[in-house]
Amino acid sequence: MKSVFQTRLGALVMATFLIASAAVAARAQDSKLQLSALDHLASKASESVDVNIDERLMRLASKVFSEKDADEREIKQLVAGIKGIYVKSFEFESDGQYSAADVESIRTQLRGPGWTRLVNVTSKKEGNVEVYLLMNGEQVGGLAVLSHDDRELTVVNIVGPVDLEKLAKLEGQFGVPDLGIETAKPKTKNDEK
Amino acid sequence: MSTNHFKRIAAVLLLFSLASMVQAKGDDFNSVVRMIEQFYGVKHEGIPFLAKAGMKAARTAARIKGGTARQIAEAGSIKLAVFEDQAFAGEFTKFRSTLNAALNESWLPLVQTLSATTAEQTYIFTREAGEKFNVLLITIEQREATVVQVNLSPKNFARLLKDPEGTGKALTEEATIIDQE
């Protein structure tokens with residue numbers, strides 16, 4: 001006959017296993033990137049900016065923006081459903097202050113299931129701008145922008161449903177830097193002439 | 001010892017622990033000031049006038065000045081600590097880790113900026129406070145530092161969220177300008 005201790009231990013192990021499995025499953029759907037691998041760059045950077053607007057702050061944001069004011073109403077609609085905005089940006093005074101491994105620490109996550117690299121995005125600024133969308137079926141579950149050149153590295157991560165139109169409007173707000181992102185307009189017959 | 005006696009003791013202990021929790025939450029401003037003092041070996045200047053009659057002074061100043069000073073006028077209360085003409089030499093990434101660890105439970109970090117070039121650090125933390133919002137702004141430069149805690153109305157909190165760096169800087173500047181008047 002099993003002792004009470006053995007039964008409880010078994011239940012505890014099973015519960016821990018179920019919780020761990022649920023956490024892993026939830027993580028797979030999550031579009032929040034782990035950006036802490038870049039924290040060490042702050043000591044080398046001439047300027048570094050770290051913006052954290054998590055789900056709790058996003059909820060507060062949806063409360064404080066007024067429906068009466070047209071501008072605030074637009075922002076309210078803009079952030080509706082967004083669960084977080086995270087930005088890490090580093091500027092350096094000389095080349096070679098960050099490594100390919102630093103960029104790769106982000107790219108590796110963006111090669112995970114669901115993430116798609118967009119091609120119809122151009123940047124007015126010089127440097128490389130990579131834009132990724134996390135698709136949960138038909139829905140956009142998150143967005144990431146990886147912008148880097150010789151002396152700058154910026155990662156923007158928006159968790160939750162967002163589209164590129166929204167990204168352009170978010171530039172300069174909520175700490176999202178101006179990345180010069182433009183969505184490619186659909187070609188018209190006149191354009192093709 | 002009777003059961004009722006135990007209940008009374010438990011109730012008293014519970015009240016004490018709740019009181020200390022409230023105290024801990026409300027005392028983060030002082031903790032941050034002490035943390036800066038200990039980490040950098042500096043001493044802040046007390047601003048009793050502003051701490052006690054801050055809003056009255058700020059409102060008057062805001063009425064006179066108008067414009068952006070109205071942000072503070074609506075703020076509800078201000079706590080301010082200033083460190084002047086002292087050396088803030090130390091590893092700022094280590095300070096940031098210490099600060100974040102201390103405030104992590106009761107505050108939400110909004111924006112943090114570090115500049116190796118100018119040795120300037122800025123931190124903005126927020127939290128809900130009933131109908132209003134507490135905002136804790138910490139600015140550390142090479143020779144001076146400022147810690148400001150303000151209560152913001154939802155309208156001004158929205159402004160802070162839209163432009164965290166700009167509004168945060170304006171709030172710190174206004175608090176210190178008003179203090180000097």
# chains A, B, ... in the order shown; residues from 1 in each chain; ligands from 1
$ residues_around --residues "B:Thr118" --least-positions-apart "6" --cutoff "12 Å" --atoms "only C-alpha atoms" --output "MDAnalysis selection string"
(chainID A and resid 45:48) or (chainID B and resid 88:89 92 140:143)
$ write_last_selection --atoms "N, CA and C atoms" --output "PDB file, in the first residue's frame"
ATOM      1  N   ALA A  45      28.421  51.378 -24.988  1.00  0.00           N
ATOM      2  CA  ALA A  45      27.683  52.311 -25.855  1.00  0.00           C
ATOM      3  C   ALA A  45      27.838  53.750 -25.388  1.00  0.00           C
ATOM      4  N   SER A  46      27.865  54.657 -26.371  1.00  0.00           N
ATOM      5  CA  SER A  46      27.882  56.068 -25.990  1.00  0.00           C
ATOM      6  C   SER A  46      26.489  56.486 -25.523  1.00  0.00           C
ATOM      7  N   GLU A  47      25.470  55.893 -26.082  1.00  0.00           N
ATOM      8  CA  GLU A  47      24.098  56.140 -25.643  1.00  0.00           C
ATOM      9  C   GLU A  47      23.348  54.812 -25.669  1.00  0.00           C
ATOM     10  N   SER A  48      22.588  54.554 -24.633  1.00  0.00           N
ATOM     11  CA  SER A  48      21.716  53.379 -24.705  1.00  0.00           C
ATOM     12  C   SER A  48      20.349  53.712 -24.137  1.00  0.00           C
TER      13      SER A  48
ATOM     14  N   PHE B  88      29.914  61.573  -9.143  1.00  0.00           N
ATOM     15  CA  PHE B  88      29.134  60.335  -9.301  1.00  0.00           C
ATOM     16  C   PHE B  88      29.937  59.359 -10.153  1.00  0.00           C
ATOM     17  N   ALA B  89      31.010  58.872  -9.539  1.00  0.00           N
ATOM     18  CA  ALA B  89      31.880  57.948 -10.257  1.00  0.00           C
ATOM     19  C   ALA B  89      31.571  56.527  -9.809  1.00  0.00           C
ATOM     20  N   PHE B  92      27.959  52.394 -13.898  1.00  0.00           N
ATOM     21  CA  PHE B  92      26.528  52.675 -13.944  1.00  0.00           C
ATOM     22  C   PHE B  92      25.654  51.469 -14.256  1.00  0.00           C
ATOM     23  N   ILE B 140      20.997  61.063 -13.048  1.00  0.00           N
ATOM     24  CA  ILE B 140      22.342  61.144 -12.460  1.00  0.00           C
ATOM     25  C   ILE B 140      23.315  61.598 -13.534  1.00  0.00           C
ATOM     26  N   GLU B 141      24.036  62.658 -13.247  1.00  0.00           N
ATOM     27  CA  GLU B 141      25.057  63.149 -14.182  1.00  0.00           C
ATOM     28  C   GLU B 141      26.427  63.064 -13.503  1.00  0.00           C
ATOM     29  N   GLN B 142      27.457  63.627 -14.156  1.00  0.00           N
ATOM     30  CA  GLN B 142      28.807  63.517 -13.596  1.00  0.00           C
ATOM     31  C   GLN B 142      28.941  64.177 -12.227  1.00  0.00           C
ATOM     32  N   ARG B 143      28.304  65.364 -12.073  1.00  0.00           N
ATOM     33  CA  ARG B 143      28.491  66.125 -10.841  1.00  0.00           C
ATOM     34  C   ARG B 143      27.192  66.385 -10.077  1.00  0.00           C
TER      35      ARG B 143
END
$ residues_around --residues "stretch 26-37 of chain B" --least-positions-apart "5" --cutoff "9 Å" --atoms "only C-alpha atoms" --output "number ranges by chain"
B: 21, 42-44, 79-81, 95, 98-99, 102-103, 106, 136, 138, 145-149
$ write_last_selection --atoms "N, CA and C atoms" --output "PDB file, in the first residue's frame"
ATOM      1  N   MET B  21       4.197  46.935   5.323  1.00  0.00           N
ATOM      2  CA  MET B  21       4.144  46.819   3.859  1.00  0.00           C
ATOM      3  C   MET B  21       3.791  48.161   3.226  1.00  0.00           C
ATOM      4  N   VAL B  42      27.784  59.896  -1.732  1.00  0.00           N
ATOM      5  CA  VAL B  42      27.411  61.319  -1.822  1.00  0.00           C
ATOM      6  C   VAL B  42      26.340  61.621  -0.773  1.00  0.00           C
ATOM      7  N   LYS B  43      25.967  62.880  -0.675  1.00  0.00           N
ATOM      8  CA  LYS B  43      24.953  63.287   0.303  1.00  0.00           C
ATOM      9  C   LYS B  43      23.967  64.237  -0.380  1.00  0.00           C
ATOM     10  N   HIS B  44      22.680  63.971  -0.195  1.00  0.00           N
ATOM     11  CA  HIS B  44      21.689  64.842  -0.850  1.00  0.00           C
ATOM     12  C   HIS B  44      21.396  66.068   0.010  1.00  0.00           C
ATOM     13  N   LYS B  79       7.975  65.029  -4.403  1.00  0.00           N
ATOM     14  CA  LYS B  79       9.095  64.770  -3.498  1.00  0.00           C
ATOM     15  C   LYS B  79      10.340  65.020  -4.325  1.00  0.00           C
ATOM     16  N   LEU B  80      11.282  65.721  -3.759  1.00  0.00           N
ATOM     17  CA  LEU B  80      12.469  66.085  -4.530  1.00  0.00           C
ATOM     18  C   LEU B  80      13.725  65.969  -3.666  1.00  0.00           C
ATOM     19  N   ALA B  81      14.732  65.337  -4.215  1.00  0.00           N
ATOM     20  CA  ALA B  81      16.048  65.311  -3.562  1.00  0.00           C
ATOM     21  C   ALA B  81      17.085  65.702  -4.601  1.00  0.00           C
ATOM     22  N   PHE B  95      24.913  50.046 -10.949  1.00  0.00           N
ATOM     23  CA  PHE B  95      23.909  50.846 -10.243  1.00  0.00           C
ATOM     24  C   PHE B  95      22.518  50.538 -10.793  1.00  0.00           C
ATOM     25  N   THR B  98      21.207  47.308  -9.404  1.00  0.00           N
ATOM     26  CA  THR B  98      20.829  47.461  -7.991  1.00  0.00           C
ATOM     27  C   THR B  98      19.484  48.176  -7.874  1.00  0.00           C
ATOM     28  N   LEU B  99      19.342  49.248  -8.656  1.00  0.00           N
ATOM     29  CA  LEU B  99      18.115  50.044  -8.623  1.00  0.00           C
ATOM     30  C   LEU B  99      16.919  49.204  -9.083  1.00  0.00           C
ATOM     31  N   ALA B 102      15.803  46.706  -6.567  1.00  0.00           N
ATOM     32  CA  ALA B 102      15.136  47.296  -5.405  1.00  0.00           C
ATOM     33  C   ALA B 102      13.700  47.723  -5.719  1.00  0.00           C
ATOM     34  N   LEU B 103      13.476  48.199  -6.941  1.00  0.00           N
ATOM     35  CA  LEU B 103      12.149  48.746  -7.264  1.00  0.00           C
ATOM     36  C   LEU B 103      11.263  47.785  -8.053  1.00  0.00           C
ATOM     37  N   SER B 106       7.470  46.875  -6.726  1.00  0.00           N
ATOM     38  CA  SER B 106       6.374  47.821  -6.576  1.00  0.00           C
ATOM     39  C   SER B 106       6.297  48.876  -7.682  1.00  0.00           C
ATOM     40  N   LEU B 136       8.378  58.072 -10.657  1.00  0.00           N
ATOM     41  CA  LEU B 136       9.664  58.280  -9.992  1.00  0.00           C
ATOM     42  C   LEU B 136      10.723  58.512 -11.067  1.00  0.00           C
ATOM     43  N   ILE B 138      14.648  59.523 -11.902  1.00  0.00           N
ATOM     44  CA  ILE B 138      16.003  59.604 -11.334  1.00  0.00           C
ATOM     45  C   ILE B 138      16.955  60.024 -12.448  1.00  0.00           C
ATOM     46  N   ALA B 145      22.810  65.038  -9.302  1.00  0.00           N
ATOM     47  CA  ALA B 145      21.743  64.049  -9.482  1.00  0.00           C
ATOM     48  C   ALA B 145      20.437  64.595  -8.911  1.00  0.00           C
ATOM     49  N   THR B 146      19.351  64.078  -9.420  1.00  0.00           N
ATOM     50  CA  THR B 146      18.030  64.508  -8.953  1.00  0.00           C
ATOM     51  C   THR B 146      17.118  63.295  -8.831  1.00  0.00           C
ATOM     52  N   VAL B 147      16.381  63.244  -7.755  1.00  0.00           N
ATOM     53  CA  VAL B 147      15.346  62.213  -7.618  1.00  0.00           C
ATOM     54  C   VAL B 147      14.025  62.951  -7.416  1.00  0.00           C
ATOM     55  N   VAL B 148      13.072  62.696  -8.277  1.00  0.00           N
ATOM     56  CA  VAL B 148      11.778  63.377  -8.199  1.00  0.00           C
ATOM     57  C   VAL B 148      10.678  62.320  -8.184  1.00  0.00           C
ATOM     58  N   GLN B 149       9.750  62.478  -7.259  1.00  0.00           N
ATOM     59  CA  GLN B 149       8.556  61.630  -7.318  1.00  0.00           C
ATOM     60  C   GLN B 149       7.338  62.534  -7.401  1.00  0.00           C
TER      61      GLN B 149
END
$ closest_residue --among "A:Ser66, A:Val103, A:Val145, A:Val176" --to "A:Arg117" --atoms "only C-alpha atoms"
A:Val145
$ closest_residue --among "A:Ser105, A:Ser99, A:Gln173, A:Ser62" --to "chain B" --atoms "only C-alpha atoms"
A:Gln173
$ atom_distance --atom1 "atom CA of B:Arg159" --atom2 "atom CA of B:Ile124"
13.6 Å
$ closest_residue --among "B:Leu161, B:Leu152, B:Ala119, B:Ala170" --to "B:Val135" --atoms "only C-alpha atoms"
B:Leu152
$ interface_residues --of "chain A" --to "chain B" --cutoff "12 Å" --atoms "only C-alpha atoms" --output "ChimeraX atom specification"
/A:36,39-69,71-73,75-76,78-79,84-93,169-177
